[in-house]
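Just start.txt here, compact mmCIF, C-alpha atoms and all ligand atoms:
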```txt
# COMPACT_ATOMS: atom_id res chain seq x y z
CA MET A 1 -24.06 36.35 -2.40
CA SER A 2 -23.45 32.77 -1.53
CA VAL A 3 -22.20 30.16 -3.88
CA VAL A 4 -23.04 26.61 -3.03
CA ALA A 5 -21.45 23.84 -5.02
CA GLN A 6 -23.14 20.63 -4.26
CA GLY A 7 -22.57 17.08 -5.19
CA GLN A 8 -18.87 16.68 -5.86
CA SER A 9 -18.58 12.90 -5.62
CA THR A 10 -16.00 11.62 -3.20
CA GLY A 11 -15.16 8.66 -5.41
CA ASN A 12 -12.80 5.93 -4.36
CA SER A 13 -9.27 7.22 -4.39
CA PRO A 14 -6.64 4.58 -3.73
CA ASP A 15 -4.17 5.20 -0.91
CA LEU A 16 -1.25 4.21 -3.11
CA VAL A 17 -0.24 7.07 -5.35
CA GLY A 18 1.00 6.01 -8.80
CA ARG A 19 2.90 2.68 -9.16
CA ALA A 20 0.17 1.25 -11.37
CA ARG A 21 2.68 -0.49 -13.65
CA GLU A 22 4.59 -2.18 -10.82
CA PHE A 23 1.34 -3.13 -9.12
CA GLU A 24 0.12 -4.77 -12.32
CA GLN A 25 3.38 -6.67 -12.71
CA LEU A 26 3.07 -7.99 -9.18
CA ASP A 27 -0.55 -8.87 -9.80
CA ALA A 28 0.40 -10.80 -12.93
CA ALA A 29 3.00 -12.68 -10.86
CA LEU A 30 0.33 -13.41 -8.27
CA GLU A 31 -1.89 -14.73 -11.02
CA GLY A 32 0.97 -17.07 -11.97
CA ALA A 33 1.31 -18.18 -8.36
CA PHE A 34 -2.40 -19.01 -8.28
CA ALA A 35 -1.74 -21.27 -11.27
CA GLY A 36 1.10 -22.96 -9.37
CA ARG A 37 3.92 -21.00 -11.03
CA GLY A 38 5.40 -18.81 -8.34
CA ALA A 39 8.09 -16.20 -8.70
CA LEU A 40 10.48 -13.92 -6.91
CA ALA A 41 10.11 -10.15 -7.38
CA LEU A 42 12.88 -7.75 -6.38
CA LEU A 43 11.62 -4.34 -5.36
CA THR A 44 14.55 -1.98 -5.30
CA GLY A 45 15.18 1.73 -4.98
CA GLU A 46 16.55 4.38 -2.70
CA ALA A 47 15.34 5.12 0.83
CA GLY A 48 11.81 6.47 0.96
CA ILE A 49 11.02 5.77 -2.70
CA GLY A 50 8.01 3.64 -1.68
CA LYS A 51 9.10 -0.04 -1.57
CA THR A 52 7.42 -0.85 1.73
CA THR A 53 4.32 1.15 0.81
CA LEU A 54 3.89 -0.73 -2.46
CA ALA A 55 4.51 -4.12 -0.84
CA ARG A 56 2.04 -3.34 1.99
CA ARG A 57 -0.63 -2.23 -0.43
CA PHE A 58 0.01 -5.30 -2.57
CA VAL A 59 -0.33 -7.84 0.26
CA GLU A 60 -3.61 -6.21 1.26
CA HIS A 61 -4.74 -6.71 -2.31
CA ALA A 62 -3.48 -10.31 -2.32
CA SER A 63 -5.45 -11.11 0.80
CA THR A 64 -8.63 -9.89 -0.89
CA ARG A 65 -7.81 -12.48 -3.55
CA ASP A 66 -7.63 -15.19 -0.89
CA ALA A 67 -3.88 -15.50 -0.78
CA ILE A 68 -2.23 -15.47 2.62
CA TRP A 69 0.86 -13.42 3.30
CA ALA A 70 3.72 -13.30 5.74
CA TRP A 71 6.13 -10.43 6.30
CA GLY A 72 9.68 -10.40 7.59
CA ALA A 73 11.64 -7.18 7.96
CA CYS A 74 15.34 -6.88 8.69
CA TRP A 75 16.60 -4.89 11.61
CA ASP A 76 19.43 -2.37 11.51
CA GLY A 77 19.72 -1.84 15.24
CA GLY A 78 22.08 -4.76 15.87
CA GLY A 79 21.41 -7.76 18.06
CA ALA A 80 18.87 -9.42 15.76
CA PRO A 81 19.22 -13.22 15.66
CA ALA A 82 20.44 -14.92 12.49
CA TYR A 83 17.72 -15.40 9.87
CA TRP A 84 15.64 -12.68 11.55
CA PRO A 85 13.30 -11.95 8.55
CA TRP A 86 12.70 -15.69 8.16
CA VAL A 87 12.06 -16.10 11.87
CA GLN A 88 9.24 -13.57 11.59
CA ILE A 89 7.81 -15.26 8.49
CA VAL A 90 7.99 -18.76 9.94
CA ARG A 91 6.50 -17.59 13.22
CA SER A 92 3.50 -16.03 11.52
CA LEU A 93 2.97 -19.08 9.29
CA ALA A 94 3.41 -21.60 12.11
CA ARG A 95 0.64 -19.83 14.01
CA ARG A 96 -1.76 -20.77 11.23
CA LEU A 97 -1.12 -24.48 11.61
CA ASP A 98 -1.66 -26.74 14.56
CA VAL A 99 1.48 -28.16 16.05
CA PRO A 100 0.74 -31.89 15.42
CA ALA A 101 0.15 -31.10 11.71
CA LEU A 102 3.42 -29.21 11.63
CA ARG A 103 5.29 -32.10 13.24
CA ASP A 104 3.71 -34.75 11.00
CA GLU A 105 4.05 -32.93 7.71
CA LEU A 106 7.54 -31.60 8.35
CA GLY A 107 8.80 -35.01 9.39
CA GLU A 108 12.57 -35.02 9.82
CA SER A 109 12.66 -31.27 9.07
CA ALA A 110 10.60 -30.44 12.16
CA PRO A 111 13.57 -29.92 14.54
CA TRP A 112 15.21 -27.56 12.04
CA ILE A 113 12.15 -25.32 12.06
CA ALA A 114 12.31 -25.44 15.86
CA GLY A 115 15.89 -24.22 15.45
CA LEU A 116 14.41 -21.00 14.05
CA LEU A 117 11.59 -20.88 16.59
CA PRO A 118 12.89 -22.16 19.95
CA GLU A 119 9.39 -21.77 21.40
CA LEU A 120 8.40 -24.84 19.35
CA SER A 121 11.31 -27.04 20.39
CA SER A 122 9.34 -28.99 22.99
CA ALA A 123 6.83 -29.98 20.29
CA LEU A 124 9.12 -30.28 17.26
CA GLY A 125 12.39 -31.40 18.87
CA SER A 126 15.74 -29.65 18.66
CA PRO A 127 18.25 -29.77 15.81
CA PRO A 128 21.52 -31.56 16.56
CA PRO A 129 24.13 -29.36 18.26
CA PRO A 130 26.28 -27.50 15.69
CA SER A 131 29.36 -29.56 16.62
CA ASP A 132 27.65 -32.79 15.46
CA LEU A 133 27.10 -31.71 11.88
CA ASP A 134 29.08 -30.19 9.09
CA PRO A 135 27.98 -26.48 8.86
CA ASP A 136 27.06 -26.80 5.16
CA GLN A 137 24.92 -29.83 5.90
CA ALA A 138 23.21 -28.08 8.81
CA ARG A 139 22.46 -25.13 6.61
CA PHE A 140 21.09 -27.36 3.88
CA ARG A 141 18.78 -29.08 6.35
CA LEU A 142 17.51 -25.76 7.64
CA PHE A 143 16.85 -24.40 4.14
CA ASP A 144 15.14 -27.63 3.15
CA GLY A 145 12.94 -27.45 6.26
CA LEU A 146 12.07 -23.87 5.47
CA SER A 147 11.12 -24.76 1.89
CA ARG A 148 8.99 -27.63 3.14
CA LEU A 149 7.16 -25.41 5.58
CA LEU A 150 6.44 -22.83 2.86
CA ALA A 151 5.24 -25.51 0.45
CA MET A 152 3.07 -26.98 3.18
CA VAL A 153 1.34 -23.64 3.84
CA ALA A 154 1.01 -22.86 0.14
CA ARG A 155 -0.70 -26.21 -0.50
CA ARG A 156 -3.54 -24.92 1.65
CA GLN A 157 -3.67 -21.40 0.20
CA PRO A 158 -1.44 -19.45 -2.24
CA LEU A 159 1.20 -17.55 -0.33
CA VAL A 160 2.83 -14.14 -0.68
CA LEU A 161 6.06 -13.58 1.24
CA VAL A 162 7.63 -10.20 1.78
CA LEU A 163 11.22 -9.82 2.92
CA ASP A 164 11.70 -6.13 3.54
CA ASP A 165 14.83 -4.03 4.10
CA LEU A 166 17.17 -6.74 2.89
CA HIS A 167 20.02 -4.19 2.78
CA TRP A 168 20.18 -4.85 6.54
CA ALA A 169 19.92 -8.63 6.26
CA ASP A 170 22.46 -11.14 7.45
CA ALA A 171 24.00 -12.94 4.48
CA SER A 172 22.50 -16.25 5.67
CA SER A 173 18.99 -14.88 5.21
CA LEU A 174 19.81 -14.10 1.59
CA HIS A 175 21.27 -17.57 1.05
CA ALA A 176 18.02 -18.99 2.43
CA LEU A 177 16.09 -16.87 -0.04
CA GLU A 178 18.27 -18.14 -2.89
CA PHE A 179 17.46 -21.69 -1.85
CA VAL A 180 13.74 -20.97 -1.54
CA ALA A 181 13.70 -19.06 -4.84
CA ARG A 182 14.70 -22.25 -6.70
CA MET A 183 11.47 -23.97 -5.69
CA LEU A 184 9.15 -21.08 -6.53
CA ALA A 185 8.63 -21.88 -10.21
CA ASP A 186 6.61 -24.95 -9.24
CA ALA A 187 4.89 -23.59 -6.14
CA PRO A 188 1.94 -21.25 -5.52
CA ILE A 189 4.24 -18.76 -3.81
CA LEU A 190 5.11 -15.21 -4.74
CA ALA A 191 8.13 -13.89 -2.83
CA ILE A 192 8.81 -10.15 -2.82
CA ALA A 193 12.19 -8.95 -1.62
CA ALA A 194 12.70 -5.22 -1.05
CA TYR A 195 15.97 -3.41 -0.53
CA ARG A 196 17.94 -0.24 -1.17
CA HIS A 197 20.05 -1.35 -4.09
CA ALA A 198 23.14 0.76 -3.53
CA GLU A 199 23.30 0.11 0.21
CA ALA A 200 22.86 -3.63 -0.20
CA HIS A 201 25.56 -3.91 -2.87
CA ALA A 202 27.93 -1.85 -0.77
CA ARG A 203 28.07 -4.83 1.60
CA ASP A 204 30.36 -7.42 0.02
CA GLU A 205 28.76 -10.37 1.77
CA LEU A 206 25.35 -9.46 0.29
CA SER A 207 26.48 -8.56 -3.20
CA VAL A 208 27.07 -12.16 -4.31
CA PRO A 209 23.77 -13.68 -3.12
CA LEU A 210 21.89 -10.62 -4.43
CA GLY A 211 23.47 -11.16 -7.82
CA GLY A 212 22.30 -14.78 -7.71
CA LEU A 213 18.79 -13.69 -6.77
CA ALA A 214 18.64 -11.08 -9.51
CA ARG A 215 19.26 -13.76 -12.13
CA MET A 216 16.19 -15.69 -10.98
CA ALA A 217 13.90 -12.76 -10.29
CA MET A 218 11.52 -10.33 -11.84
CA ARG A 219 13.11 -6.95 -11.20
CA LEU A 220 11.02 -3.95 -10.21
CA PRO A 221 13.32 -0.96 -9.74
CA LEU A 222 11.26 1.91 -8.33
CA GLU A 223 11.96 5.34 -9.72
CA GLY A 224 10.63 8.68 -8.49
CA LEU A 225 6.91 9.26 -8.82
CA SER A 226 5.63 11.45 -11.66
CA ARG A 227 5.16 15.15 -10.99
CA ASP A 228 1.37 14.74 -10.89
CA ASP A 229 1.65 11.87 -8.43
CA VAL A 230 3.96 13.85 -6.18
CA GLU A 231 1.61 16.82 -6.24
CA GLN A 232 -1.27 14.58 -5.29
CA MET A 233 0.72 13.10 -2.40
CA ALA A 234 2.09 16.44 -1.23
CA MET A 235 -1.36 17.97 -1.19
CA ALA A 236 -2.68 15.17 0.93
CA ARG A 237 0.31 15.38 3.26
CA ALA A 238 0.12 19.15 3.59
CA ARG A 239 -3.37 18.91 4.93
CA GLY A 240 -2.72 15.75 6.89
CA LEU A 241 -5.49 14.17 4.89
CA ASP A 242 -6.13 10.62 3.98
CA PRO A 243 -6.51 10.32 0.19
CA GLN A 244 -9.70 8.35 0.77
CA GLU A 245 -11.33 11.19 2.67
CA PRO A 246 -13.74 13.54 0.92
CA GLU A 247 -11.56 16.47 1.94
CA PHE A 248 -8.77 15.05 -0.17
CA ILE A 249 -11.04 14.63 -3.16
CA ALA A 250 -12.21 18.20 -2.57
CA SER A 251 -8.68 19.57 -2.37
CA GLY A 252 -8.63 20.29 -6.13
CA LEU A 253 -11.57 22.61 -5.60
CA VAL A 254 -10.01 24.30 -2.61
CA GLU A 255 -6.83 24.88 -4.62
CA ALA A 256 -8.78 26.42 -7.48
CA LEU A 257 -10.65 28.74 -5.09
CA HIS A 258 -7.37 29.74 -3.49
CA ARG A 259 -5.94 30.66 -6.89
CA ALA A 260 -9.05 32.80 -7.49
CA LYS A 261 -8.21 34.55 -4.17
CA VAL A 262 -11.38 33.24 -2.56
CA ARG A 263 -10.79 32.29 1.08
CA GLY A 264 -13.18 30.77 3.55
CA VAL A 265 -14.93 27.63 2.41
CA SER A 266 -17.18 25.36 4.43
CA LEU A 267 -17.33 21.77 3.48
CA SER A 268 -19.74 19.09 4.63
CA ARG A 269 -20.17 15.45 3.84
CA ILE A 270 -23.56 14.59 2.49
CA GLN A 271 -25.21 11.77 0.66
CA GLY A 272 -26.97 12.25 -2.60
CA HIS A 273 -28.55 10.69 -5.58
CA GLY A 274 -27.26 12.13 -8.82
CA GLY A 275 -27.44 10.96 -12.42
CA GLU A 276 -24.62 8.52 -11.73
CA LEU A 277 -26.96 6.47 -9.61
CA ASP A 278 -29.33 5.65 -12.44
CA ARG A 279 -26.65 3.22 -13.47
CA VAL A 280 -27.38 -0.42 -12.97
CA GLU A 281 -24.39 -2.61 -12.25
CA THR A 282 -23.90 -6.33 -12.25
CA TYR A 283 -22.32 -7.59 -9.06
CA ARG A 284 -21.41 -11.29 -9.01
CA GLY A 285 -24.14 -12.01 -11.54
CA THR A 286 -26.86 -9.99 -9.80
CA ARG A 287 -28.07 -6.73 -11.32
CA VAL A 288 -28.25 -4.01 -8.70
CA LYS A 289 -29.14 -0.34 -8.76
CA MET A 290 -26.67 1.76 -6.79
CA GLY A 291 -27.71 3.29 -3.46
CA LEU A 292 -26.95 6.78 -2.20
CA ALA A 293 -23.45 8.06 -2.94
CA ASP A 294 -21.09 9.96 -0.64
CA LYS A 295 -20.70 13.54 -1.77
CA VAL A 296 -19.16 16.78 -0.58
CA ARG A 297 -21.03 20.07 -0.30
CA PHE A 298 -19.12 23.37 -0.43
CA GLU A 299 -20.44 26.69 0.75
CA VAL A 300 -18.62 29.89 -0.13
CA ALA A 301 -19.83 33.39 0.74
CA VAL A 302 -18.46 36.11 -1.56
CA SER A 303 -19.33 39.65 -2.62
CA ASP A 304 -21.25 40.17 -5.89
CA ALA A 305 -18.05 41.06 -7.73
CA PHE A 306 -16.55 37.68 -6.88
CA VAL A 307 -19.46 35.47 -7.87
CA GLU A 308 -18.24 34.88 -11.43
CA PRO A 309 -14.59 34.15 -10.51
CA THR A 310 -15.85 31.78 -7.81
CA VAL A 311 -18.15 29.94 -10.22
CA GLU A 312 -15.30 29.67 -12.72
CA ALA A 313 -12.92 28.35 -10.07
CA LEU A 314 -15.45 25.75 -8.94
CA CYS A 315 -15.93 24.60 -12.53
CA GLU A 316 -12.18 24.47 -13.11
CA GLY A 317 -11.36 22.60 -9.91
CA GLY A 318 -14.37 20.30 -9.87
CA ARG A 319 -14.84 19.26 -13.46
CA THR A 320 -13.81 15.69 -14.16
CA GLY A 321 -16.21 15.30 -17.06
CA GLU A 322 -17.88 12.42 -15.26
CA VAL A 323 -21.46 12.20 -14.12
CA GLY A 324 -21.38 13.21 -10.44
CA ASP A 325 -19.38 16.43 -10.81
CA GLY A 326 -22.34 18.19 -9.20
CA LYS A 327 -24.02 21.57 -9.60
CA ILE A 328 -23.47 25.14 -8.49
CA PHE A 329 -26.33 27.17 -7.00
CA VAL A 330 -25.87 30.91 -6.62
CA VAL A 331 -28.23 32.36 -4.01
CA ALA A 332 -28.61 35.84 -2.56
CA LEU A 333 -27.82 36.39 1.10
CA GLU A 334 -30.21 38.77 2.83
CA ARG A 335 -27.89 39.70 5.63
CA VAL A 336 -24.28 38.87 6.52
CA VAL A 337 -22.58 39.87 9.77
CA ARG A 338 -18.95 39.06 10.55
CA ILE A 339 -18.98 38.07 14.20
CA ARG A 340 -15.39 39.06 14.96
CA THR A 341 -15.61 42.66 13.66
CA GLY A 342 -19.32 43.38 13.41
CA GLU A 343 -18.89 44.24 9.70
CA ILE A 344 -22.00 43.74 7.57
CA GLY A 345 -22.86 43.02 3.92
CA ASP A 346 -19.97 42.87 1.39
CA GLY A 347 -17.50 43.94 4.07
CA ALA A 348 -18.28 40.80 6.01
CA VAL A 349 -17.32 38.33 3.26
CA THR A 350 -13.92 37.51 1.83
CA PRO A 351 -12.88 38.85 -0.59
CA ALA A 352 -14.98 41.95 -0.18
CA GLY A 353 -14.69 42.92 -3.87
CA ALA A 354 -14.73 46.31 -5.51
N1 LIG B 1 3.27 5.45 -3.99
C1 LIG B 1 3.06 6.03 -2.79
N2 LIG B 1 1.82 6.42 -2.42
C2 LIG B 1 1.62 7.01 -1.22
N3 LIG B 1 2.58 7.23 -0.31
C3 LIG B 1 3.84 6.86 -0.63
C4 LIG B 1 4.12 6.24 -1.88
N4 LIG B 1 5.44 5.98 -1.93
C5 LIG B 1 5.94 6.39 -0.76
N5 LIG B 1 4.99 6.92 0.02
C6 LIG B 1 5.18 7.50 1.35
O1 LIG B 1 6.56 7.85 1.46
C7 LIG B 1 7.10 7.40 2.69
C8 LIG B 1 8.28 6.49 2.44
O2 LIG B 1 7.83 5.34 1.75
P1 LIG B 1 8.32 3.86 2.10
O3 LIG B 1 8.50 3.68 3.56
O4 LIG B 1 7.43 2.92 1.40
O5 LIG B 1 9.74 3.88 1.42
P2 LIG B 1 10.81 2.72 1.30
O6 LIG B 1 11.23 2.69 -0.12
O7 LIG B 1 10.27 1.49 1.90
O8 LIG B 1 11.98 3.33 2.17
P3 LIG B 1 13.13 2.55 3.02
O9 LIG B 1 14.19 2.14 2.05
O10 LIG B 1 13.61 3.61 3.97
O11 LIG B 1 12.48 1.39 3.72
C9 LIG B 1 5.98 6.70 3.45
O12 LIG B 1 5.52 7.57 4.45
C10 LIG B 1 4.89 6.48 2.44
O13 LIG B 1 3.64 6.69 3.01
MG MG B 2 10.86 0.37 3.54
```
Let me see the structure of the file written as structure tokens.
Amino acid sequence: MSVVAQGQSTGNSPDLVGRAREFEQLDAALEGAFAGRGALALLTGEAGIGKTTLARRFVEHASTRDAIWAWGACWDGGGAPAYWPWVQIVRSLARRLDVPALRDELGESAPWIAGLLPELSSALGSPPPPSDLDPDQARFRLFDGLSRLLAMVARRQPLVLVLDDLHWADASSLHALEFVARMLADAPILAIAAYRHAEAHARDELSVPLGGLARMAMRLPLEGLSRDDVEQMAMARARGLDPQEPEFIASGLVEALHRAKVRGVSLSRIQGHGGELDRVETYRGTRVKMGLADKVRFEVAVSDAFVEPTVEALCEGGRTGEVGDGKIFVVALERVVRIRTGEIGDGAVTPAGA
């Protein structure tokens, strides 16, 4: 006997597992930034909890909403220049603007930005040598220049900044963020700072500025994912699958078959037109009927005794209750030969059954 389950829809599984609440909070903050009321969000949690993953996924989302983003990550290997995360952010933003516009709009701040990006010093001038200026004043000028540059970019398009791995930051980078954070409430800028809380606070020089930041920020402490989320992620990992791939969507079915002791499943990607496609949707004001949908087709060969358990397993693993769950066809096989052993009939399928 052969059991063919056909039509399990592949759907659109997001590549971020869980984190819906934090994602929504960030999205609400982005909404605020679009209305000119920016914010600072602190994404904290232990190593590997998913800070970078969430921030990455979120900036991708922000760019689909026509925001631009810039990313600066700290470096733990030693030797990074001062303000390293800001250097990366400023470099990626400066690339979006032509140099004369930068020079004109930054005005007297231009040389201070060149202080961060020496490659621009011939066009923007150089800041005065450190000996000519009081260090606090020099720092103020630099922070002011940085804020001006961010405001200048954000006037063109709302901006999302990510400063990642701040537990490895130099204290000056955090002071710069404190300065920038004060202007966010009136700017279309969402800044997201990510760090391992315990590690960052274990460094005395970071603890004070982080405390200052926390008072101004929306805090998003990441906790462990739910059991279901972890299972979903582990399953995808175990098979080296991308959660967007049909094989990942199909993994629930494969698991259910495995529990029913059925081994040996073929899977193919197909396109189909099921009941779900009778739906008419409105897309940007235009009513459209959906085209063909991506689906997965399973083929399982089992002995007669295993047909019912296989059908049950397919129903258990494949039922979402939605249109598009597909159908099962049970068809007789006239002849089966196992190539490796030459076995025929029931002996050639797994499990062979009683
Ligand atoms: N919500 C999630 N969905 C899918 N994969 C995740 C999720 N959270 C974490 N991961 C995976 O776990 C691994 C670690 O996540 P990530 O690098 O985002 O952690 P982190 O909190 O930034 O850690 P670190 O403090 O070391 O920078 C990554 O391989 C990532 O793909
Ligand atoms: Mg990270």
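Interatomic distance, CA of Ala70 in chain A to CA of Val162 in chain A: 6.4 Å.
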Q: List all protein, DNA and RNA residues that have at least one atom no more than 8 Å from any atom of ligand LIG 1 (chain B), counting only C-alpha atoms and all ligand atoms, and write them as a PyMOL selection string.
A: chain A and resi 15-19+44-55+164-165+194-196+225+229+233
**Q.** From A:Leu166, A:Ala256, A:Leu174, A:Leu314, residue lying nearest ligand MG 2 (chain B) [only C-alpha atoms and all ligand atoms]
**A.**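 For ligand MG 2 (chain B), the nearest of the candidates is A:Leu166.
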(Q) Excluding range 23-34 of chain A and its own-chain neighbours fewer than 6 positions away, which residues fall within 8 Å of it when counting all atoms listed in the file? Please give them as a VMD selection string. (A) chain A and resid 41 54 58 62 158 187 to 190
Q: Determine the nearest neighbour of Ala101 in chain A from the options A:Arg182, A:Val153, A:Pro118, A:Ala67, counting only C-alpha atoms.
A: A:Val153
Surrounding residues of Asp98 in chain A excluding itself and chain neighbours under 5 positions, 12 Å, only C-alpha atoms, as a compact mmCIF listing (two decimals) with C-alpha atoms, in the frame of the given file:
```txt
# COMPACT_ATOMS: atom_id res chain seq x y z
CA LEU A 93 2.97 -19.08 9.29
CA ARG A 103 5.29 -32.10 13.24
CA ASP A 104 3.71 -34.75 11.00
CA GLU A 105 4.05 -32.93 7.71
CA LEU A 120 8.40 -24.84 19.35
CA ALA A 123 6.83 -29.98 20.29
CA LEU A 124 9.12 -30.28 17.26
CA VAL A 153 1.34 -23.64 3.84
```
Q: Between CA of Gly145 in chain A and CA of Ser63 in chain A, measure the distance and give it in Å to one decimal.
A: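 Computing the Euclidean distance for CA of Gly145 in chain A and CA of Ser63 in chain A yields 25.2 Å.
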Q.
Within 10 Å of (18.2, -14.9, 5.5) in the file's own coordinates, which protein, DNA or RNA residues have an atom, counting only C-alpha atoms? List them as a PyMOL selection string.
A. chain A and resi 72+74+82-87+143+163+166+169-178
Q. What is the CA of Pro309 in chain A-CA of Thr341 in chain A distance in Å, reported with one decimal?
A. 25.6 Å
Q) Of the candidates A:Ala260, A:Ala154, A:Ala200, A:Leu292, which shows the shortest atom-to-atom distance to Pro351 in chain A, using all atoms listed in the file? A)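 Of A:Ala260, A:Ala154, A:Ala200, A:Leu292, the one nearest Pro351 in chain A, counting all atoms listed in the file, is A:Ala260.
Between ligand MG 2 (chain B) and the residues A:Ala214, A:Leu43, A:Ile344, A:Leu142, the shortest atom-to-atom distance, using all atoms listed in the file, involves A:Leu43.
Distances to Leu184 in chain A were evaluated for A:Leu106, A:Leu97, A:Leu40, A:Ile68 using only C-alpha atoms, and the minimum falls at A:Leu40.
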(Q) Please list, as a PyMOL selection string, the residues that have an atom at most 7 Å away from (11.4, -28.0, 16.1) in the coordinates of this file, counting all atoms listed in the file. (A) chain A and resi 110-115+120-121+123-126
Q: Could you tell me which of A:Arg227, A:Pro127, A:Ala138, A:Ala35 comes closest to Asp186 in chain A if we count all atoms listed in the file?
A: A:Ala35
(Q) Using only C-alpha atoms, which protein or nucleic acid residues come within 8 Å of range 261-266 of chain A? Drop anything in the same chain fewer than 3 positions from it, and give the result as a list in words. (A)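 Here the qualifying residues turn out to be Val254, Leu257, His258, Phe298, Glu299, Val300, Ala301, Val302, Thr310, Thr350 and Pro351 of chain A.
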Give me, as a PDB file with C-alpha atoms, in the coordinates of the input, all polymer residues having an atom no more than 12 Å from Glu334 in chain A, counting all atoms listed in the file and skipping those fewer than 2 positions away in the same chain.
```pdb
ATOM      1  CA  MET A   1     -24.060  36.350  -2.400  1.00  0.00           C
ATOM      2  CA  SER A   2     -23.450  32.770  -1.530  1.00  0.00           C
ATOM      3  CA  ALA A 301     -19.830  33.390   0.740  1.00  0.00           C
ATOM      4  CA  VAL A 331     -28.230  32.360  -4.010  1.00  0.00           C
ATOM      5  CA  ALA A 332     -28.610  35.840  -2.560  1.00  0.00           C
ATOM      6  CA  VAL A 336     -24.280  38.870   6.520  1.00  0.00           C
ATOM      7  CA  VAL A 337     -22.580  39.870   9.770  1.00  0.00           C
ATOM      8  CA  ILE A 344     -22.000  43.740   7.570  1.00  0.00           C
ATOM      9  CA  GLY A 345     -22.860  43.020   3.920  1.00  0.00           C
ATOM     10  CA  ASP A 346     -19.970  42.870   1.390  1.00  0.00           C
TER      11      ASP A 346
END
```
For range 47-58 of chain A, supply N, CA and C atoms and report the output as a short mmCIF file (atom, residue, chain, number, x, y, z; two decimals), in the coordinates of the input.
```cif
data_model
loop_
_atom_site.label_atom_id
_atom_site.label_comp_id
_atom_site.auth_asym_id
_atom_site.auth_seq_id
_atom_site.Cartn_x
_atom_site.Cartn_y
_atom_site.Cartn_z
N ALA A 47 16.14 4.97 -0.40
CA ALA A 47 15.34 5.12 0.83
C ALA A 47 14.15 6.04 0.58
N GLY A 48 13.00 5.61 1.03
CA GLY A 48 11.81 6.47 0.96
C GLY A 48 11.12 6.49 -0.39
N ILE A 49 11.61 5.71 -1.34
CA ILE A 49 11.02 5.77 -2.70
C ILE A 49 9.63 5.11 -2.73
N GLY A 50 9.36 4.23 -1.75
CA GLY A 50 8.01 3.64 -1.68
C GLY A 50 7.97 2.12 -1.79
N LYS A 51 9.07 1.43 -1.47
CA LYS A 51 9.10 -0.04 -1.57
C LYS A 51 8.14 -0.67 -0.57
N THR A 52 8.27 -0.26 0.69
CA THR A 52 7.42 -0.85 1.73
C THR A 52 5.95 -0.52 1.47
N THR A 53 5.71 0.73 1.07
CA THR A 53 4.32 1.15 0.81
C THR A 53 3.69 0.29 -0.28
N LEU A 54 4.43 0.08 -1.36
CA LEU A 54 3.89 -0.73 -2.46
C LEU A 54 3.66 -2.17 -2.00
N ALA A 55 4.64 -2.72 -1.28
CA ALA A 55 4.51 -4.12 -0.84
C ALA A 55 3.32 -4.26 0.12
N ARG A 56 3.17 -3.31 1.04
CA ARG A 56 2.04 -3.34 1.99
C ARG A 56 0.71 -3.33 1.25
N ARG A 57 0.63 -2.38 0.32
CA ARG A 57 -0.63 -2.23 -0.43
C ARG A 57 -0.89 -3.53 -1.22
N PHE A 58 0.19 -4.11 -1.74
CA PHE A 58 0.01 -5.30 -2.57
C PHE A 58 -0.44 -6.51 -1.74
#
```
